[in-house]
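Peer 1: You'll find structure.cif just under this line, and it carries mmCIF, C-alpha atoms.
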data_upload
#
loop_
_atom_site.label_atom_id
_atom_site.label_comp_id
_atom_site.auth_asym_id
_atom_site.auth_seq_id
_atom_site.Cartn_x
_atom_site.Cartn_y
_atom_site.Cartn_z
CA MET A 1 77.81 145.51 133.72
CA SER A 2 80.05 142.55 133.06
CA PHE A 3 77.07 140.22 133.51
CA THR A 4 73.82 140.66 131.62
CA PHE A 5 71.08 138.56 133.20
CA MET A 6 68.81 137.68 130.28
CA GLU A 7 66.03 135.53 131.71
CA ASN A 8 65.24 133.13 134.53
CA LEU A 9 65.57 129.48 133.60
CA PRO A 10 63.08 126.86 134.84
CA THR A 11 64.03 125.16 138.08
CA PRO A 12 64.97 121.48 137.97
CA GLU A 13 61.57 120.63 139.47
CA GLU A 14 59.75 122.65 136.82
CA LEU A 15 61.75 121.12 133.99
CA LYS A 16 61.17 117.59 135.28
CA GLU A 17 57.43 118.27 135.22
CA ARG A 18 57.67 119.48 131.62
CA VAL A 19 59.89 116.58 130.49
CA PRO A 20 59.06 113.73 132.89
CA VAL A 21 60.49 110.26 133.32
CA SER A 22 57.82 107.54 133.24
CA ALA A 23 57.38 104.98 136.00
CA ASN A 24 58.64 102.26 133.65
CA LEU A 25 61.82 104.18 132.86
CA LYS A 26 62.43 104.73 136.56
CA LYS A 27 62.38 100.96 137.02
CA ILE A 28 64.77 100.46 134.11
CA LYS A 29 67.16 103.04 135.53
CA ALA A 30 67.04 101.52 139.02
CA ALA A 31 67.89 98.09 137.63
CA ARG A 32 70.71 99.44 135.45
CA ASP A 33 72.11 101.50 138.33
CA ASP A 34 72.23 98.41 140.52
CA GLU A 35 73.94 96.35 137.81
CA ILE A 36 76.58 99.05 137.27
CA ARG A 37 77.07 99.47 141.02
CA ARG A 38 77.73 95.74 141.37
CA ILE A 39 80.57 96.00 138.85
CA PHE A 40 82.30 98.72 140.86
CA THR A 41 81.85 96.91 144.16
CA GLY A 42 83.23 93.67 142.70
CA GLU A 43 79.99 91.72 143.10
CA SER A 44 79.83 91.36 139.30
CA ASP A 45 82.77 90.54 137.04
CA LYS A 46 81.20 92.07 133.94
CA PHE A 47 83.31 94.60 132.03
CA LEU A 48 82.09 98.12 131.30
CA LEU A 49 82.26 99.91 127.97
CA ILE A 50 81.32 103.59 128.19
CA ILE A 51 81.05 104.15 124.48
CA GLY A 52 79.63 106.65 122.04
CA PRO A 53 80.15 110.00 120.33
CA CYS A 54 82.54 112.64 121.59
CA SER A 55 79.52 114.97 121.70
CA ALA A 56 75.81 114.24 121.35
CA ASP A 57 75.23 116.84 118.65
CA SER A 58 72.04 115.50 117.04
CA GLU A 59 69.22 113.50 118.61
CA ASP A 60 68.44 111.58 115.41
CA SER A 61 71.96 110.25 114.84
CA VAL A 62 72.60 109.63 118.55
CA LEU A 63 69.41 107.59 118.84
CA GLU A 64 70.33 105.57 115.76
CA TYR A 65 73.69 104.89 117.40
CA THR A 66 72.22 103.82 120.76
CA GLU A 67 69.67 101.60 119.02
CA ARG A 68 72.50 99.77 117.27
CA LEU A 69 74.33 99.55 120.59
CA ALA A 70 71.30 98.03 122.30
CA LYS A 71 71.16 95.20 119.75
CA ILE A 72 74.77 94.31 120.56
CA GLN A 73 74.15 94.58 124.31
CA ASP A 74 71.67 91.73 124.07
CA LYS A 75 74.35 89.53 122.48
CA VAL A 76 77.18 90.31 124.94
CA ALA A 77 75.13 90.69 128.14
CA ASP A 78 76.87 87.78 129.85
CA ARG A 79 80.25 89.55 129.73
CA LEU A 80 79.81 93.24 128.99
CA LEU A 81 77.65 96.11 130.15
CA LEU A 82 77.40 98.91 127.60
CA ILE A 83 76.82 102.49 128.76
CA PRO A 84 76.14 104.91 125.89
CA ARG A 85 78.08 108.16 125.95
CA ILE A 86 75.47 110.88 125.54
CA TYR A 87 77.67 113.88 126.32
CA THR A 88 75.59 117.04 126.20
CA ASN A 89 78.17 119.48 127.65
CA LYS A 90 81.58 119.94 126.06
CA PRO A 91 84.54 121.63 127.77
CA ARG A 92 86.60 123.77 125.41
CA THR A 93 90.31 124.32 125.95
CA THR A 94 90.11 127.98 124.95
CA GLY A 95 86.47 128.49 125.90
CA MET A 96 85.56 128.87 122.22
CA GLY A 97 83.63 126.57 119.89
CA TYR A 98 80.68 124.22 120.22
CA LYS A 99 79.84 123.61 123.88
CA GLY A 100 77.23 120.89 123.39
CA ILE A 101 73.45 120.78 123.02
CA MET A 102 73.04 122.17 126.52
CA HIS A 103 74.25 125.46 125.05
CA GLN A 104 73.25 125.04 121.42
CA PRO A 105 70.43 122.60 120.59
CA ASP A 106 71.24 123.57 117.00
CA PRO A 107 75.04 123.36 116.66
CA GLU A 108 74.93 126.03 113.97
CA GLY A 109 72.48 128.26 115.85
CA LYS A 110 72.76 130.71 118.70
CA PRO A 111 72.99 129.65 122.36
CA ASP A 112 69.60 128.89 123.92
CA LEU A 113 69.97 127.50 127.42
CA GLU A 114 66.30 126.77 128.16
CA ALA A 115 65.86 124.93 124.87
CA GLY A 116 69.17 123.21 125.59
CA LEU A 117 68.01 121.91 128.97
CA ILE A 118 64.88 120.51 127.32
CA ALA A 119 66.97 118.95 124.54
CA VAL A 120 69.25 117.28 127.10
CA ARG A 121 66.36 115.64 128.93
CA ASN A 122 64.69 114.64 125.66
CA ILE A 123 67.72 112.95 124.15
CA HIS A 124 68.43 110.92 127.30
CA ILE A 125 64.79 109.96 127.88
CA HIS A 126 64.12 109.08 124.23
CA SER A 127 67.24 106.90 124.18
CA MET A 128 66.07 105.07 127.32
CA GLU A 129 62.60 104.58 125.85
CA GLN A 130 63.92 103.14 122.59
CA THR A 131 66.81 101.03 123.91
CA GLY A 132 66.43 100.32 127.63
CA LEU A 133 69.98 101.63 128.08
CA THR A 134 70.77 104.41 130.53
CA ALA A 135 73.68 106.66 129.67
CA ALA A 136 76.75 108.55 130.81
CA ASP A 137 77.24 112.31 130.60
CA GLU A 138 79.92 114.75 131.68
CA MET A 139 79.24 117.01 134.65
CA LEU A 140 80.71 120.21 133.26
CA TYR A 141 78.52 122.47 135.40
CA PRO A 142 77.85 121.11 138.91
CA ALA A 143 74.71 123.24 139.41
CA ASN A 144 73.11 121.48 136.42
CA TRP A 145 73.22 118.08 138.15
CA SER A 146 69.69 118.55 139.52
CA TYR A 147 68.35 118.73 135.95
CA VAL A 148 69.62 115.24 135.07
CA ASP A 149 69.91 113.32 138.36
CA ASP A 150 66.91 111.13 137.45
CA ILE A 151 68.16 110.05 134.01
CA LEU A 152 71.90 109.30 134.21
CA SER A 153 73.67 106.11 135.31
CA TYR A 154 77.27 107.36 135.09
CA VAL A 155 78.93 110.76 135.50
CA ALA A 156 82.36 111.84 134.29
CA ILE A 157 84.38 114.70 135.77
CA GLY A 158 86.73 116.04 133.11
CA ALA A 159 90.46 116.69 133.28
CA ARG A 160 89.94 120.45 133.50
CA SER A 161 87.31 120.15 136.26
CA VAL A 162 88.73 117.47 138.53
CA GLU A 163 90.64 119.94 140.75
CA ASN A 164 87.59 122.17 141.18
CA GLN A 165 86.13 122.16 144.69
CA GLN A 166 82.49 122.42 143.60
CA HIS A 167 82.80 119.43 141.28
CA ARG A 168 84.32 117.34 144.06
CA LEU A 169 81.69 118.36 146.62
CA THR A 170 78.81 117.81 144.20
CA ALA A 171 80.19 114.36 143.32
CA SER A 172 80.02 113.50 147.02
CA GLY A 173 76.23 113.72 146.87
CA ILE A 174 75.72 111.69 143.70
CA GLU A 175 74.42 108.12 144.10
CA ILE A 176 75.82 106.64 140.89
CA PRO A 177 79.45 106.06 139.83
CA VAL A 178 81.44 109.24 139.22
CA GLY A 179 84.65 108.94 137.24
CA MET A 180 87.39 111.41 138.21
CA LYS A 181 89.79 111.92 135.30
CA ASN A 182 93.44 112.67 135.85
CA PRO A 183 94.19 116.36 135.15
CA THR A 184 95.86 117.33 131.89
CA SER A 185 99.18 117.46 133.78
CA GLY A 186 98.81 113.72 134.40
CA ASP A 187 99.27 114.07 138.17
CA MET A 188 97.67 110.94 139.61
CA SER A 189 97.74 112.30 143.16
CA VAL A 190 95.27 115.02 142.09
CA MET A 191 92.93 112.34 140.76
CA ILE A 192 93.25 110.28 143.95
CA ASN A 193 92.60 113.36 146.09
CA SER A 194 89.47 114.06 144.05
CA CYS A 195 88.23 110.55 144.81
CA ILE A 196 88.96 111.02 148.51
CA ALA A 197 87.00 114.28 148.52
CA ALA A 198 84.08 112.73 146.63
CA GLN A 199 83.91 109.67 148.89
CA HIS A 200 83.55 111.83 152.01
CA GLY A 201 80.51 113.80 153.13
CA HIS A 202 80.50 117.60 153.10
CA THR A 203 78.39 120.63 153.94
CA PHE A 204 78.42 123.36 151.29
CA ILE A 205 76.33 125.75 149.18
CA PHE A 206 74.51 124.12 146.29
CA ARG A 207 71.95 125.98 144.14
CA SER A 208 71.62 128.76 146.75
CA SER A 209 70.98 126.36 149.62
CA GLU A 210 73.09 124.91 152.41
CA CYS A 211 73.24 121.17 151.79
CA LYS A 212 74.87 118.12 153.34
CA THR A 213 76.14 115.04 151.53
CA ASP A 214 77.03 111.55 152.74
CA GLY A 215 79.86 110.78 150.32
CA ASN A 216 79.92 108.64 147.20
CA PRO A 217 81.66 105.25 147.63
CA LEU A 218 81.49 104.72 143.85
CA ALA A 219 83.77 107.66 142.99
CA HIS A 220 86.75 106.24 141.07
CA CYS A 221 89.66 107.10 138.77
CA VAL A 222 89.73 107.56 135.00
CA LEU A 223 93.06 107.52 133.16
CA ARG A 224 92.91 109.69 130.01
CA GLY A 225 96.55 110.45 129.32
CA ALA A 226 98.36 113.73 129.90
CA THR A 227 100.01 116.65 128.13
CA ASN A 228 103.64 117.55 128.84
CA LYS A 229 105.19 121.01 128.93
CA HIS A 230 105.79 120.84 125.18
CA GLY A 231 102.10 120.19 124.47
CA GLU A 232 102.78 116.57 123.55
CA SER A 233 100.45 113.72 124.54
CA VAL A 234 101.75 111.31 127.19
CA PRO A 235 99.75 108.06 127.56
CA ASN A 236 99.04 106.50 130.95
CA TYR A 237 97.27 103.26 130.03
CA HIS A 238 100.37 101.02 130.07
CA PHE A 239 100.83 98.22 132.59
CA GLU A 240 103.32 100.30 134.60
CA ASP A 241 100.75 103.12 134.90
CA LEU A 242 98.09 100.71 136.11
CA GLU A 243 100.54 99.26 138.66
CA LEU A 244 101.37 102.77 139.91
CA LEU A 245 97.69 103.60 140.32
CA LEU A 246 97.18 100.36 142.21
CA ARG A 247 99.97 101.34 144.62
CA LEU A 248 98.45 104.78 145.12
CA TYR A 249 95.07 103.24 145.86
CA ASN A 250 96.68 100.88 148.39
CA GLU A 251 98.04 103.89 150.28
CA THR A 252 94.49 105.13 150.90
CA THR A 253 91.36 103.83 152.59
CA LEU A 254 89.20 104.49 149.52
CA ALA A 255 86.24 102.19 149.02
CA ASN A 256 85.89 100.15 145.83
CA PRO A 257 89.26 100.86 144.13
CA ALA A 258 88.59 101.07 140.42
CA VAL A 259 89.75 102.67 137.20
CA ILE A 260 88.21 103.22 133.79
CA VAL A 261 90.75 103.68 130.98
CA ASP A 262 89.92 106.32 128.38
CA THR A 263 91.26 105.02 125.07
CA ASN A 264 91.12 108.38 123.28
CA HIS A 265 92.16 111.93 124.24
CA SER A 266 95.81 112.10 125.32
CA ASN A 267 96.07 108.31 125.57
CA SER A 268 95.70 108.09 121.81
CA GLY A 269 97.04 111.55 121.00
CA LYS A 270 93.54 112.04 119.54
CA LYS A 271 94.41 109.45 116.90
CA TYR A 272 91.01 107.80 117.12
CA ASP A 273 92.04 104.78 115.05
CA GLN A 274 94.49 103.78 117.83
CA GLN A 275 91.65 103.01 120.25
CA PRO A 276 91.36 99.31 119.29
CA ARG A 277 95.10 98.82 119.83
CA ILE A 278 94.96 100.56 123.21
CA THR A 279 91.94 98.47 124.16
CA ARG A 280 93.84 95.27 123.41
CA GLU A 281 96.84 96.36 125.48
CA VAL A 282 94.67 97.16 128.50
CA LEU A 283 92.91 93.82 128.22
CA ASN A 284 96.30 92.06 128.01
CA SER A 285 97.40 93.86 131.18
CA ARG A 286 94.25 92.62 132.94
CA LYS A 287 94.98 89.11 131.75
CA TYR A 288 98.61 89.28 132.94
CA ASP A 289 97.94 90.40 136.53
CA PRO A 290 94.83 89.47 138.57
CA ARG A 291 95.24 92.62 140.67
CA VAL A 292 95.09 94.78 137.55
CA ARG A 293 92.12 92.77 136.33
CA GLU A 294 90.28 93.58 139.54
CA LEU A 295 91.22 97.27 139.33
CA VAL A 296 90.34 97.97 135.68
CA LYS A 297 86.55 97.90 135.49
CA GLY A 298 86.13 99.15 131.94
CA LEU A 299 87.02 101.43 129.06
CA MET A 300 85.84 104.71 127.57
CA ILE A 301 85.72 104.62 123.78
CA GLU A 302 84.74 107.45 121.43
CA SER A 303 82.68 106.10 118.58
CA TYR A 304 79.92 107.29 116.21
CA LEU A 305 78.16 106.15 113.05
CA GLU A 306 80.90 107.44 110.73
CA PRO A 307 84.66 107.56 111.38
CA GLY A 308 86.65 110.74 111.92
CA CYS A 309 85.25 114.22 112.41
CA GLN A 310 84.02 117.21 110.43
CA PRO A 311 83.80 120.96 111.07
CA ILE A 312 80.53 122.57 112.09
CA GLY A 313 78.80 124.12 109.09
CA SER A 314 80.51 121.83 106.60
CA ASP A 315 79.09 122.21 103.09
CA LYS A 316 78.94 118.43 102.86
CA HIS A 317 77.63 117.57 106.32
CA VAL A 318 77.91 113.83 106.98
CA TYR A 319 75.15 112.34 109.12
CA GLY A 320 76.50 110.66 112.25
CA LYS A 321 80.02 112.07 111.98
CA SER A 322 81.52 113.88 114.98
CA ILE A 323 81.72 117.68 114.98
CA THR A 324 84.19 117.64 117.88
CA ASP A 325 86.92 115.02 118.43
CA PRO A 326 87.31 112.26 115.82
CA CYS A 327 85.62 108.94 116.61
CA LEU A 328 85.70 105.33 115.46
CA GLY A 329 83.07 104.48 112.87
CA TRP A 330 80.31 101.98 113.50
CA ASP A 331 81.73 99.00 111.59
CA GLU A 332 84.98 99.03 113.55
CA THR A 333 83.09 99.73 116.78
CA GLU A 334 80.94 96.66 116.33
CA ARG A 335 83.96 94.45 115.67
CA LEU A 336 85.76 95.89 118.69
CA ILE A 337 82.86 95.28 121.08
CA TYR A 338 82.66 91.62 120.07
CA GLU A 339 86.45 91.31 120.40
CA VAL A 340 86.35 92.78 123.91
CA ALA A 341 83.58 90.36 124.86
CA ALA A 342 85.69 87.44 123.63
CA LEU A 343 88.77 88.58 125.57
CA CYS A 344 87.07 89.37 128.87
#
Could you render the structure as structure tokens?
Peer 2:
Amino acid sequence: MSFTFMENLPTPEELKERVPVSANLKKIKAARDDEIRRIFTGESDKFLLIIGPCSADSEDSVLEYTERLAKIQDKVADRLLLIPRIYTNKPRTTGMGYKGIMHQPDPEGKPDLEAGLIAVRNIHIHSMEQTGLTAADEMLYPANWSYVDDILSYVAIGARSVENQQHRLTASGIEIPVGMKNPTSGDMSVMINSCIAAQHGHTFIFRSSECKTDGNPLAHCVLRGATNKHGESVPNYHFEDLELLLRLYNETTLANPAVIVDTNHSNSGKKYDQQPRITREVLNSRKYDPRVRELVKGLMIESYLEPGCQPIGSDKHVYGKSITDPCLGWDETERLIYEVAALC
């Protein structure tokens, strides 16, 4: 057989009983969700930073990172809302390589999906307990949403997933903001169509059941740059790109027009040290045009304890250094957050 069914995984209900969210954390999440929602609806003029490691590869180092982030959040709370990136699923261009702790709780070990599901809930819940911050994660596998729907405050749909029907339909039933990235081709109409699909209700099969959704008015765009036919990175964070997206939004009846700008990936050509420069340009565009200011609700920034990246299994493993895409280090991250707060 092409498929070998190895074992039955726990249902979302069973896993939530094994790794529960306390009543206090439910209150924290509800309050955070409302604060984030108010930013996307325009009721709050705070600026979002969705910030953290490319991949959440180790609970210890991720928790140290989010604890540092929480201390800064207290100091910039009047202007910024920080959402930690705790990305537990990683899309791979060729399908090979580390796919996140959902697959491999031990990045150097064998895949273990049940242990991975437990590790995902643990890292998110422990971060909430220690920091009071709820996080963002990527929805790589739509059917896994039910395992994390009680712990996340932001969901990202990646460039390789945004054209997929099941991702769009699942997003339509999510009650928190869902960011639809432009595809790797850079086609903004695909991204807009994904938002239209997610903002409308649908009836479809989800986890072996027929289900109905009401639509998600908080589905929005994420600009992450593109790749041309020569494999070269093409940025789309410039003022002209933001103006174009604004025009495309105005041609629709979408609720809550919004965009988050991803400062890494193809926008930086994966040159992680360019993220501060890109951040400043986006903030200058917001300052120049009030319409762009209203549209751009925040930034995605890849950052970890140490700058750069390292291969899995490195003989000299560096604690808190990315094993996937390169990230800003903590010192520069801290300076950048304060700079953003001053400019917003």
Peer 1: For A:Val282, please output as a PDB file with C-alpha atoms, in the coordinates of the input all residues within 9 Å (counting all atoms listed in the file; exclusion window: fewer than 6 positions along the same chain).
Peer 2:
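Contents of the output file around32.pdb:
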ATOM      1  CA  TYR A 237      97.270 103.260 130.030  1.00  0.00           C
ATOM      2  CA  HIS A 238     100.370 101.020 130.070  1.00  0.00           C
ATOM      3  CA  PHE A 239     100.830  98.220 132.590  1.00  0.00           C
ATOM      4  CA  VAL A 261      90.750 103.680 130.980  1.00  0.00           C
ATOM      5  CA  VAL A 296      90.340  97.970 135.680  1.00  0.00           C
ATOM      6  CA  LEU A 299      87.020 101.430 129.060  1.00  0.00           C
TER       7      LEU A 299
END
Peer 1: Measuring between all atoms listed in the file, which one of A:Thr279, A:Thr227, A:Ser58, A:Ser2 shows the shortest distance to A:Leu305?
Peer 2: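 Once distances to A:Leu305 are computed over all atoms listed in the file, the minimum belongs to A:Ser58.
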Peer 1: Rounded to one decimal place, report the atom CA of A:Met6-atom CA of A:Lys99 distance in Å.
Peer 2: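 It comes out at 19.0 Å.
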Peer 1: From the list A:Ser22, A:Ser322, A:Asn267, A:Ser153, which residue is nearest A:Ser233 when using all atoms listed in the file?
Peer 2: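 For A:Ser233, the nearest of the given residues is A:Asn267.
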Peer 1: Please evaluate the PyMOL selection byres ((chain A and resi 256) around 9) against the displayed coordinates and give the resulting residues as a ChimeraX atom specification.
Peer 2: /A:40-42,217-220,254-255,257-258,295
Peer 1: Can you work out which one of A:Glu108, A:Glu64, A:Asp149, A:Glu302 has the shortest atom-to-atom distance to A:Arg121, counting all atoms listed in the file?
Peer 2: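 Using all atoms listed in the file, the shortest distance to A:Arg121 belongs to A:Asp149.
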Peer 1: Here's a test: counting all atoms listed in the file, identify every protein, DNA and RNA residue with an atom at most 8 Å from (91.8, 109.6, 139.8) in the file's coordinate frame, and state them as a count of residues only.
Peer 2: 17
Peer 1: Point out the residue among A:Leu63, A:Leu15, A:Ile39, A:Ala226 with the least atom-to-atom distance to A:Ser146, counting only C-alpha atoms.
Peer 2: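 Checking each of A:Leu63, A:Leu15, A:Ile39, A:Ala226 against A:Ser146, counting only C-alpha atoms, the winner is A:Leu15.
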Peer 1: With only C-alpha atoms as the atoms that count, which of A:Gln199, A:Arg291, A:Arg280, A:Thr213 lies nearest to A:Glu243?
Peer 2: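 Closest to A:Glu243, using only C-alpha atoms: A:Arg291.
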Peer 1: Quick one: of A:Arg38, A:Arg92, A:Lys297, A:Lys71, who's nearest to A:Leu140, counting all atoms listed in the file?
Peer 2: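 Checking each candidate against A:Leu140, we get A:Arg92 as the closest.
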Peer 1: Using Å and a single decimal, report how far atom CA of A:Tyr304 sits from atom CA of A:Pro53.
Peer 2: 4.9 Å
Peer 1: List as JSON, numbers by chain the protein and nucleic acid residues near A:Ala115, meaning an atom at most 12 Å away when only C-alpha atoms are counted, but skip any in the same chain fewer than 6 places from it.
Peer 2: {"A": [9, 10, 15, 18, 19, 101, 102, 103, 104, 105, 106, 109, 121, 122]}
Peer 1: Please evaluate the PyMOL selection byres ((chain A and resi 324-337) around 9) against the structure above and give the resulting residues as a count of residues only.
Peer 2: 42
Peer 1: Show which residues sit within 8 Å of A:Leu133, as a list in words. Count all atoms listed in the file, and ignore same-chain residues fewer than 4 positions away.
Peer 2: Arg32, Thr66, Ala70, Leu82, Ile83, Pro84, Ser127 and Met128 of chain A
Peer 1: Contacts of A:Arg37 at 9 Å or less, counting only C-alpha atoms, minus same-chain residues fewer than 6 places along, as a PyMOL selection string?
Peer 2: chain A and resi 43-44+176-177+218
Peer 1: Would you compute the distance between atom CA of A:Cys211 and atom CA of A:Tyr87? Give it in Å to one decimal.
Peer 2: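 Rounded to one decimal, the two atoms are 26.9 Å apart.
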Peer 1: For A:Lys16, list every protein, DNA or RNA residue within 9 Å, evaluated using all atoms listed in the file, and leave out those in the same chain fewer than 2 positions away; present the list as an MDAnalysis selection string.
Peer 2: chainID A and resid 11:14 18:21 121 147:148 150
Peer 1: Around the point (76.5, 116.6, 134.6), in the coordinates given by the file, pick out the residues reaching within 9 Å, counting only C-alpha atoms, and return them as a list in words.
Peer 2: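 Applying the cut-off with only C-alpha atoms, one gets Tyr87, Thr88, Asn89, Ala136, Asp137, Glu138, Met139, Leu140, Tyr141, Pro142, Ala143, Asn144, Trp145, Ser146, Tyr147, Val148, Asp149, Leu152, Val155, Ala156 and Ile157 of chain A.
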Peer 1: Can you list what the PyMOL selection byres ((chain A and resi 184) around 8) grabs from this structure, as a list in words?
Peer 2: Ala159, Arg160, Asn182, Pro183, Ser185, Gly186, Asp187, Gly225, Ala226 and Thr227 of chain A
